[in-house]
>>> print(open('upload37.txt').read())   # compact mmCIF, C-alpha atoms
# COMPACT_ATOMS: atom_id res chain seq x y z
CA MET A 3 60.11 58.18 122.07
CA THR A 4 57.89 58.52 119.03
CA THR A 5 57.94 61.16 116.36
CA THR A 6 54.89 62.44 114.59
CA ALA A 7 55.19 63.54 111.01
CA LEU A 8 53.75 66.95 110.40
CA PRO A 9 51.12 67.06 107.69
CA ALA A 10 52.13 68.81 104.52
CA THR A 11 50.60 72.22 104.13
CA THR A 12 49.16 73.40 100.88
CA SER A 13 48.96 77.01 99.87
CA THR A 14 45.73 78.29 98.41
CA GLY A 15 47.12 81.65 97.41
CA PRO A 16 48.75 82.45 94.13
CA VAL A 17 52.35 81.38 93.67
CA ALA A 18 54.68 84.01 92.22
CA ALA A 19 56.69 82.81 89.26
CA PRO A 20 60.42 83.32 89.64
CA GLY A 21 61.94 86.03 87.52
CA PRO A 22 64.68 85.48 85.00
CA ALA A 23 68.00 84.50 86.48
CA PRO A 24 70.61 87.24 86.15
CA VAL A 25 73.74 86.80 84.13
CA GLY A 26 76.32 85.03 86.25
CA ALA A 27 73.72 83.44 88.54
CA PRO A 28 74.25 79.86 89.77
CA ALA A 29 73.29 77.17 87.31
CA GLY A 30 70.43 75.94 89.51
CA ALA A 31 68.83 79.34 89.59
CA ALA A 32 69.16 79.66 85.85
CA VAL A 33 67.52 76.28 85.30
CA ALA A 34 64.68 77.06 87.73
CA ALA A 35 63.92 80.32 85.98
CA ALA A 36 64.30 79.01 82.44
CA GLY A 37 60.74 77.79 82.19
CA HIS A 38 59.35 81.21 83.09
CA ASP A 39 61.81 83.31 81.07
CA ARG A 40 59.83 84.88 78.24
CA TRP A 41 62.84 86.88 77.13
CA ARG A 42 64.84 83.84 76.07
CA PRO A 43 63.62 83.89 72.42
CA VAL A 44 64.30 87.62 72.28
CA ARG A 45 67.85 87.14 73.54
CA ALA A 46 68.40 84.29 71.09
CA LEU A 47 67.15 86.46 68.20
CA LEU A 48 69.31 89.43 69.20
CA SER A 49 72.38 87.24 69.65
CA GLY A 50 71.81 85.63 66.24
CA LEU A 51 71.46 89.01 64.54
CA HIS A 52 74.60 90.22 66.31
CA ALA A 53 76.59 87.18 65.16
CA ALA A 54 75.29 87.53 61.60
CA ALA A 55 76.24 91.22 61.53
CA PHE A 56 79.77 90.43 62.74
CA LEU A 57 80.23 87.69 60.13
CA ALA A 58 78.93 90.01 57.41
CA LEU A 59 81.41 92.66 58.51
CA CYS A 60 84.27 90.14 58.34
CA VAL A 61 83.27 89.07 54.82
CA VAL A 62 82.57 92.52 53.36
CA VAL A 63 85.15 94.69 55.15
CA GLY A 64 87.44 92.28 56.99
CA MET A 65 87.97 91.06 60.52
CA PRO A 66 88.50 93.98 62.91
CA THR A 67 91.86 93.82 64.63
CA ASP A 68 91.88 96.98 66.73
CA ARG A 69 91.07 96.56 70.41
CA LEU A 70 88.32 99.18 70.59
CA SER A 71 86.27 97.68 67.75
CA ILE A 72 86.57 94.18 69.21
CA LEU A 73 85.54 95.37 72.68
CA LEU A 74 82.54 97.22 71.30
CA TRP A 75 81.40 94.11 69.43
CA VAL A 76 81.82 92.03 72.58
CA LEU A 77 79.88 94.53 74.69
CA ALA A 78 77.10 94.62 72.10
CA GLY A 79 76.88 90.82 72.15
CA LEU A 80 76.78 90.71 75.96
CA ALA A 81 74.14 93.45 75.97
CA CYS A 82 71.99 91.12 73.85
CA ARG A 83 72.40 88.47 76.55
CA CYS A 84 71.29 90.98 79.20
CA ALA A 85 67.96 91.76 77.51
CA GLY A 86 65.06 91.21 79.90
CA ARG A 87 67.30 90.59 82.92
CA GLY A 88 66.82 93.98 84.52
CA TRP A 89 68.98 97.05 84.85
CA ARG A 90 71.30 95.38 87.36
CA SER A 91 72.66 93.09 84.65
CA THR A 92 73.49 96.07 82.48
CA VAL A 93 75.17 97.86 85.37
CA ARG A 94 77.23 94.74 86.13
CA LEU A 95 78.18 94.47 82.45
CA LEU A 96 79.51 98.02 82.40
CA ALA A 97 81.12 97.78 85.84
CA ASP A 98 83.03 94.64 84.83
CA TRP A 99 84.00 95.43 81.26
CA VAL A 100 84.62 99.18 81.16
CA PRO A 101 87.59 99.03 83.61
CA LEU A 102 88.99 95.95 81.83
CA GLY A 103 88.62 97.62 78.45
CA ALA A 104 90.24 100.81 79.73
CA VAL A 105 93.27 98.88 81.00
CA LEU A 106 93.70 97.01 77.70
CA LEU A 107 93.27 100.18 75.64
CA LEU A 108 95.86 101.91 77.81
CA TYR A 109 98.17 98.96 77.19
CA ASP A 110 97.69 99.36 73.42
CA ALA A 111 98.45 103.08 73.60
CA SER A 112 101.54 102.47 75.73
CA ARG A 113 102.73 99.71 73.41
CA GLY A 114 102.53 102.12 70.49
CA ILE A 115 105.04 104.51 72.11
CA ALA A 116 107.29 101.84 73.64
CA ASP A 117 109.72 102.10 70.73
CA THR A 118 110.07 105.89 71.15
CA LEU A 119 111.58 105.82 74.65
CA GLY A 120 115.20 105.62 73.52
CA ALA A 121 116.06 101.94 73.98
CA PRO A 122 118.08 100.54 71.06
CA VAL A 123 116.21 98.22 68.71
CA HIS A 124 117.64 94.70 68.63
CA VAL A 125 117.67 93.45 65.05
CA ALA A 126 120.49 90.92 64.84
CA GLU A 127 120.30 89.23 68.26
CA PRO A 128 116.99 87.33 67.85
CA ALA A 129 118.08 86.11 64.40
CA ALA A 130 121.41 85.00 65.83
CA ALA A 131 119.63 83.08 68.59
CA ASP A 132 117.53 81.19 66.05
CA ALA A 133 120.58 80.47 63.91
CA TRP A 134 122.47 79.18 66.96
CA LEU A 135 119.59 76.89 67.94
CA PHE A 136 118.84 75.46 64.48
CA GLY A 137 121.91 76.13 62.34
CA ALA A 138 119.88 78.50 60.19
CA VAL A 139 117.03 80.97 60.68
CA PRO A 140 113.89 78.77 60.39
CA THR A 141 111.75 81.51 58.85
CA VAL A 142 114.28 82.13 56.07
CA TRP A 143 114.73 78.40 55.44
CA LEU A 144 111.00 77.66 55.35
CA GLN A 145 110.17 80.45 52.93
CA ALA A 146 113.13 79.56 50.70
CA HIS A 147 112.55 75.80 50.50
CA LEU A 148 108.81 75.27 50.99
CA THR A 149 106.10 76.87 48.89
CA ALA A 150 102.90 77.17 50.87
CA PRO A 151 99.87 75.85 48.93
CA GLY A 152 96.73 77.95 48.94
CA TRP A 153 94.98 75.98 51.65
CA LEU A 154 97.98 76.35 53.97
CA SER A 155 98.04 80.11 53.42
CA VAL A 156 94.39 80.17 54.49
CA VAL A 157 95.15 78.16 57.63
CA VAL A 158 98.07 80.41 58.53
CA THR A 159 95.98 83.55 58.06
CA LEU A 160 93.03 82.23 60.06
CA VAL A 161 95.25 81.06 62.91
CA TYR A 162 97.12 84.37 62.97
CA SER A 163 93.94 86.47 62.81
CA SER A 164 92.20 84.40 65.48
CA HIS A 165 94.47 86.04 68.06
CA PHE A 166 92.42 89.22 67.85
CA VAL A 167 89.07 87.60 68.65
CA VAL A 168 89.71 84.41 70.64
CA THR A 169 90.67 86.01 73.97
CA PRO A 170 87.75 88.52 73.97
CA LEU A 171 85.38 85.72 72.96
CA VAL A 172 86.57 83.45 75.77
CA LEU A 173 86.22 86.31 78.24
CA ALA A 174 82.68 86.94 77.04
CA VAL A 175 81.68 83.28 77.42
CA LEU A 176 83.19 83.12 80.89
CA TRP A 177 81.38 86.31 81.95
CA VAL A 178 78.04 84.82 80.95
CA ARG A 179 78.63 81.37 82.45
CA ASP A 180 81.05 81.74 85.37
CA ARG A 181 81.99 85.19 86.62
CA THR A 182 84.52 83.82 89.15
CA ARG A 183 86.54 82.24 86.36
CA TRP A 184 86.05 85.39 84.29
CA VAL A 185 87.73 87.42 87.03
CA HIS A 186 90.60 84.93 87.16
CA TYR A 187 91.14 84.84 83.40
CA ALA A 188 90.82 88.62 83.04
CA GLY A 189 93.54 89.00 85.68
CA LEU A 190 95.80 86.64 83.73
CA VAL A 191 95.14 88.55 80.48
CA VAL A 192 96.01 91.90 82.08
CA ALA A 193 99.12 90.51 83.78
CA LEU A 194 100.38 88.93 80.55
CA SER A 195 99.76 92.16 78.63
CA LEU A 196 101.70 94.21 81.20
CA ALA A 197 104.58 91.72 81.22
CA GLY A 198 104.79 91.96 77.44
CA LEU A 199 104.64 95.76 77.54
CA ALA A 200 107.49 95.93 80.05
CA THR A 201 109.63 93.77 77.77
CA TYR A 202 108.81 95.84 74.70
CA VAL A 203 110.00 98.96 76.54
CA LEU A 204 113.21 97.38 77.84
CA TYR A 205 114.02 95.21 74.82
CA PRO A 206 112.50 96.40 71.53
CA ALA A 207 113.24 93.78 68.89
CA ALA A 208 112.62 93.52 65.15
CA PRO A 209 110.66 90.60 63.64
CA PRO A 210 112.09 88.56 60.72
CA TRP A 211 110.31 90.52 57.98
CA LEU A 212 111.78 93.79 59.29
CA ALA A 213 115.24 92.27 59.81
CA ALA A 214 115.14 91.14 56.16
CA ARG A 215 114.50 94.72 55.05
CA GLU A 216 117.56 95.78 57.05
CA GLY A 217 119.65 93.08 55.36
CA VAL A 218 120.32 91.21 58.61
CA VAL A 219 118.71 87.94 57.43
CA GLY A 220 117.88 86.49 54.05
CA GLU A 221 114.73 87.18 52.06
CA VAL A 222 111.58 87.04 54.21
CA HIS A 223 108.07 88.04 53.18
CA ARG A 224 105.30 88.96 55.58
CA THR A 225 102.61 86.48 54.53
CA SER A 226 100.28 86.43 57.54
CA GLY A 227 97.46 88.03 55.53
CA ASP A 228 97.89 86.21 52.20
CA GLY A 229 95.14 83.71 52.98
CA TRP A 230 92.44 86.37 52.68
CA ALA A 231 93.21 86.76 48.98
CA VAL A 232 92.98 82.99 48.52
CA LEU A 233 89.52 83.14 50.11
CA GLY A 234 88.50 85.92 47.75
CA LEU A 235 88.47 88.53 50.53
CA PRO A 236 91.10 91.10 49.51
CA ARG A 237 89.49 93.81 51.65
CA ALA A 238 90.04 91.68 54.74
CA GLY A 239 93.72 91.43 53.86
CA ALA A 240 93.94 95.19 53.31
CA LEU A 241 92.30 95.83 56.68
CA LEU A 242 94.75 93.47 58.40
CA HIS A 243 97.75 95.14 56.78
CA ALA A 244 96.41 98.57 57.74
CA GLY A 245 96.04 97.44 61.34
CA GLN A 246 99.56 95.99 61.35
CA GLY A 247 100.89 99.33 60.17
CA GLN A 248 99.43 101.12 63.19
CA VAL A 249 101.11 99.05 65.93
CA ASN A 250 104.64 98.99 67.27
CA PRO A 251 106.70 97.11 64.62
CA VAL A 252 109.51 96.26 67.08
CA ALA A 253 107.35 94.57 69.71
CA ALA A 254 108.45 91.08 68.71
CA VAL A 255 109.88 89.74 71.99
CA PRO A 256 108.00 87.98 73.43
CA SER A 257 105.40 86.79 70.94
CA LEU A 258 102.10 87.65 72.63
CA HIS A 259 100.25 85.82 69.85
CA THR A 260 101.90 82.66 71.14
CA ALA A 261 101.60 83.71 74.76
CA PHE A 262 97.83 84.15 74.64
CA ALA A 263 97.34 80.88 72.74
CA VAL A 264 99.36 79.03 75.38
CA LEU A 265 97.59 80.91 78.18
CA LEU A 266 94.22 79.75 76.86
CA CYS A 267 95.48 76.17 76.67
CA LEU A 268 96.84 76.22 80.24
CA PHE A 269 93.73 77.91 81.64
CA ALA A 270 91.08 75.84 79.89
CA PHE A 271 92.78 72.44 79.74
CA ARG A 272 91.48 71.39 83.17
CA LEU A 273 88.06 72.94 82.61
CA VAL A 274 87.11 70.89 79.55
CA ARG A 275 86.37 67.20 79.92
CA ARG A 276 86.39 65.72 76.44
CA ARG A 277 89.61 64.56 74.82
CA TRP A 278 88.89 66.30 71.53
CA GLN A 279 88.49 69.61 73.36
CA ARG A 280 91.85 69.21 75.04
CA ALA A 281 93.42 68.12 71.76
CA LEU A 282 91.99 71.26 70.11
CA LEU A 283 93.49 73.49 72.81
CA VAL A 284 96.92 71.91 72.42
CA ALA A 285 96.69 72.05 68.62
CA TYR A 286 95.87 75.76 68.76
CA ALA A 287 98.79 76.47 71.09
CA VAL A 288 101.12 74.63 68.69
CA ALA A 289 99.64 75.97 65.44
CA MET A 290 100.01 79.61 66.47
CA PRO A 291 103.84 79.68 66.73
CA LEU A 292 104.17 77.56 63.57
CA ALA A 293 102.02 80.06 61.66
CA LEU A 294 103.98 82.99 63.08
CA VAL A 295 107.37 81.56 62.14
CA TRP A 296 106.27 80.52 58.65
CA SER A 297 104.68 83.91 57.90
CA GLY A 298 107.71 85.94 58.98
CA GLU A 299 106.05 87.50 62.01
CA HIS A 300 108.31 85.99 64.69
CA TYR A 301 111.45 84.00 65.28
CA VAL A 302 111.21 80.67 67.07
CA VAL A 303 112.89 82.17 70.12
CA ASP A 304 110.15 84.83 70.28
CA THR A 305 107.47 82.15 70.42
CA LEU A 306 109.35 80.11 73.05
CA LEU A 307 109.59 83.19 75.26
CA GLY A 308 105.89 83.84 74.72
CA ALA A 309 105.09 80.35 76.01
CA VAL A 310 107.37 80.92 79.01
CA TYR A 311 105.62 84.21 79.79
CA ALA A 312 102.21 82.51 79.68
CA ALA A 313 103.35 79.72 82.01
CA ALA A 314 104.95 82.21 84.40
CA VAL A 315 101.77 84.29 84.57
CA CYS A 316 99.70 81.18 85.32
CA LEU A 317 102.06 80.30 88.16
CA VAL A 318 102.72 83.73 89.64
CA VAL A 319 99.36 85.51 89.48
CA PRO A 320 97.41 82.97 91.63
CA ARG A 321 100.19 83.03 94.23
CA LEU A 322 100.16 86.81 94.33
CA GLY A 323 96.40 86.65 94.86
CA THR A 324 96.89 84.24 97.77
CA VAL A 325 99.48 86.54 99.37
CA ALA A 326 97.19 89.55 98.91
CA ARG A 327 94.30 87.75 100.61
CA ARG A 328 96.52 86.76 103.55
CA VAL A 329 97.69 90.35 103.99
CA GLN A 330 94.10 91.54 103.79
CA ARG A 331 92.99 89.08 106.47
CA ARG A 332 95.84 90.17 108.76
CA TRP A 333 94.85 93.80 108.40
CA ARG A 334 91.20 93.00 108.98
CA GLY A 335 91.96 90.96 112.12
CA PRO A 336 93.29 93.81 114.30
CA ALA A 337 90.64 96.18 112.97
CA ALA A 338 87.86 93.73 113.88
CA SER A 339 89.33 93.23 117.38
CA VAL A 340 89.51 96.97 117.98
CA THR A 341 85.93 97.39 116.83
CA ALA A 342 84.68 94.59 119.08
CA THR A 343 86.57 96.00 122.09
CA THR A 344 85.16 99.45 121.46
CA LEU A 345 81.63 98.10 121.28
CA ARG A 346 82.04 96.18 124.54
CA GLY A 347 83.47 99.22 126.28
>>> encode(input="upload37.txt", output="structure tokens")
Amino acid sequence: MTTTALPATTSTGPVAAPGPAPVGAPAGAAVAAAGHDRWRPVRALLSGLHAAAFLALCVVVGMPTDRLSILLWVLAGLACRCAGRGWRSTVRLLADWVPLGAVLLLYDASRGIADTLGAPVHVAEPAAADAWLFGAVPTVWLQAHLTAPGWLSVVVTLVYSSHFVVTPLVLAVLWVRDRTRWVHYAGLVVALSLAGLATYVLYPAAPPWLAAREGVVGEVHRTSGDGWAVLGLPRAGALLHAGQGQVNPVAAVPSLHTAFAVLLCLFAFRLVRRRWQRALLVAYAVAMPLALVWSGEHYVVDTLLGAVYAAAVCLVVPRLGTVARRVQRRWRGPAASVTATTLRG
């Protein structure tokens, strides 16, 4: 049996150029459309202007720490990436981020009233736990025996302040590059936030700097913003202190600063391929609790619980998703059978 190859056909009509690939499209589609995307320089220009404006704001006024401002900056940056991609990209942007932002803003509002629900504030217990583990309260010992040089104050401040922008920035990058992973990480962020909120309601606890004011521990200064003055940015320090004064001061257990740093490390460790990237993730997860303990923001036990919360969320949330999908399939099965029987009848 012989086979005859069919001659290749050539088209004499005009060939339509593919349009720009939408945000979140497969990588192949994005590459195929890249050569015909005239909006790419415009998006690059808008994104550069957006980044320059944010950096200028941080230098002149200070890094924003409130959730609404950060979300608005993120949405503005993603809107720049949607330029020229059609109205569907904008609709998807709003449909994905508005509900997420609403949940996180509701969490912030609830966290602010968590200490007004009548639960007693625990001031001595966290300090006693640290003293039992180490023989002394590490924050008190560090501030009494080690004087932080200027460069270390800058590192501590930058690490502490990064908490407010790193998670939204990672979410933004994931939304542009891989929406499936964005959905997964956003679910982890929401779950971790709710777990922290539940603990703040049930177990409000004072941080070291507040316990020192109450005379429970030795002298402790809140130094998380001192690095801004070393950098010659006193307004940034004032903005940080103003933001700290607007949040729940007894939401210390667990340390969500540590929890989100560890969550990022656990989530991204398998996604990156280079050793230096993995080393950077681990270094960030370790540097955050060190900065928090040194600056008087948290006890060591707070940071350990934060790491445990992050690990628990990474383990539990995917399993809950698997159970939910199984239940959904079971419910769909009988419904599909009934529909098919009805159609045959």
>>> closest_residue(input="upload37.txt", among="A:Ala53, A:Ala78, A:Leu292, A:Asp228", to="Thr92 in chain A", atoms="all atoms listed in the file")
A:Ala78
>>> closest_atom_pairs(input="upload37.txt", of="range 139-245 of chain A", to="range 319-337 of chain A", cutoff="8 Å", atoms="only C-alpha atoms", output="CSV")
residue,atom,partner,partner_atom,distance
A:Gly189,CA,A:Val319,CA,7.8
A:Leu190,CA,A:Val319,CA,6.9
A:Ala193,CA,A:Val319,CA,7.6
>>> residues_around(input="upload37.txt", residues="Val63 in chain A", least_positions_apart="2", cutoff="7 Å", atoms="all atoms listed in the file", output="VMD selection string")
chain A and resid 59 to 61 237 to 238
>>> atom_distance(input="upload37.txt", atom1="CA of Ser155 in chain A", atom2="CA of Val62 in chain A")
19.8 Å
>>> residues_around(input="upload37.txt", residues="Leu154 in chain A", least_positions_apart="5", cutoff="12 Å", atoms="only C-alpha atoms", output="list in words")
Leu148, Thr149, Thr159, Leu160, Val161, Thr225, Ser226, Gly227, Asp228, Gly229, Trp230, Val232, Leu233, Ala289, Leu292, Ala293, Trp296 and Ser297 of chain A
>>> atom_distance(input="upload37.txt", atom1="CA of Leu176 in chain A", atom2="CA of Leu96 in chain A")
15.4 Å
>>> closest_residue(input="upload37.txt", among="A:Val222, A:Leu317, A:Val139, A:Val158", to="Tyr286 in chain A", atoms="only C-alpha atoms")
A:Val158
>>> closest_residue(input="upload37.txt", among="A:Val315, A:Gly50, A:Val302, A:Thr67", to="Trp134 in chain A", atoms="all atoms listed in the file")
A:Val302
>>> atom_distance(input="upload37.txt", atom1="CA of Ala81 in chain A", atom2="CA of Leu95 in chain A")
7.7 Å
>>> closest_residue(input="upload37.txt", among="A:Ala254, A:Val123, A:Leu106, A:Val284", to="Pro170 in chain A", atoms="only C-alpha atoms")
A:Leu106
>>> residues_near_point(input="upload37.txt", point="(113.1, 94.4, 63.3)", cutoff="9 Å", atoms="all atoms listed in the file", output="PyMOL selection string")
chain A and resi 123-126+206-216+251-254
>>> closest_residue(input="upload37.txt", among="A:Ser91, A:Cys267, A:Ala312, A:Val288", to="Val178 in chain A", atoms="all atoms listed in the file")
A:Ser91
>>> closest_residue(input="upload37.txt", among="A:His259, A:Val303, A:Val203, A:Ala285", to="Ala121 in chain A", atoms="all atoms listed in the file")
A:Val203
>>> residues_near_point(input="upload37.txt", point="(115.7, 84.4, 53.8)", cutoff="10 Å", atoms="only C-alpha atoms", output="list in words")
Ala138, Val139, Pro140, Thr141, Val142, Trp143, Leu144, Gln145, Ala146, His147, Pro210, Trp211, Ala213, Ala214, Gly217, Val218, Val219, Gly220, Glu221, Val222, His223 and Gly298 of chain A
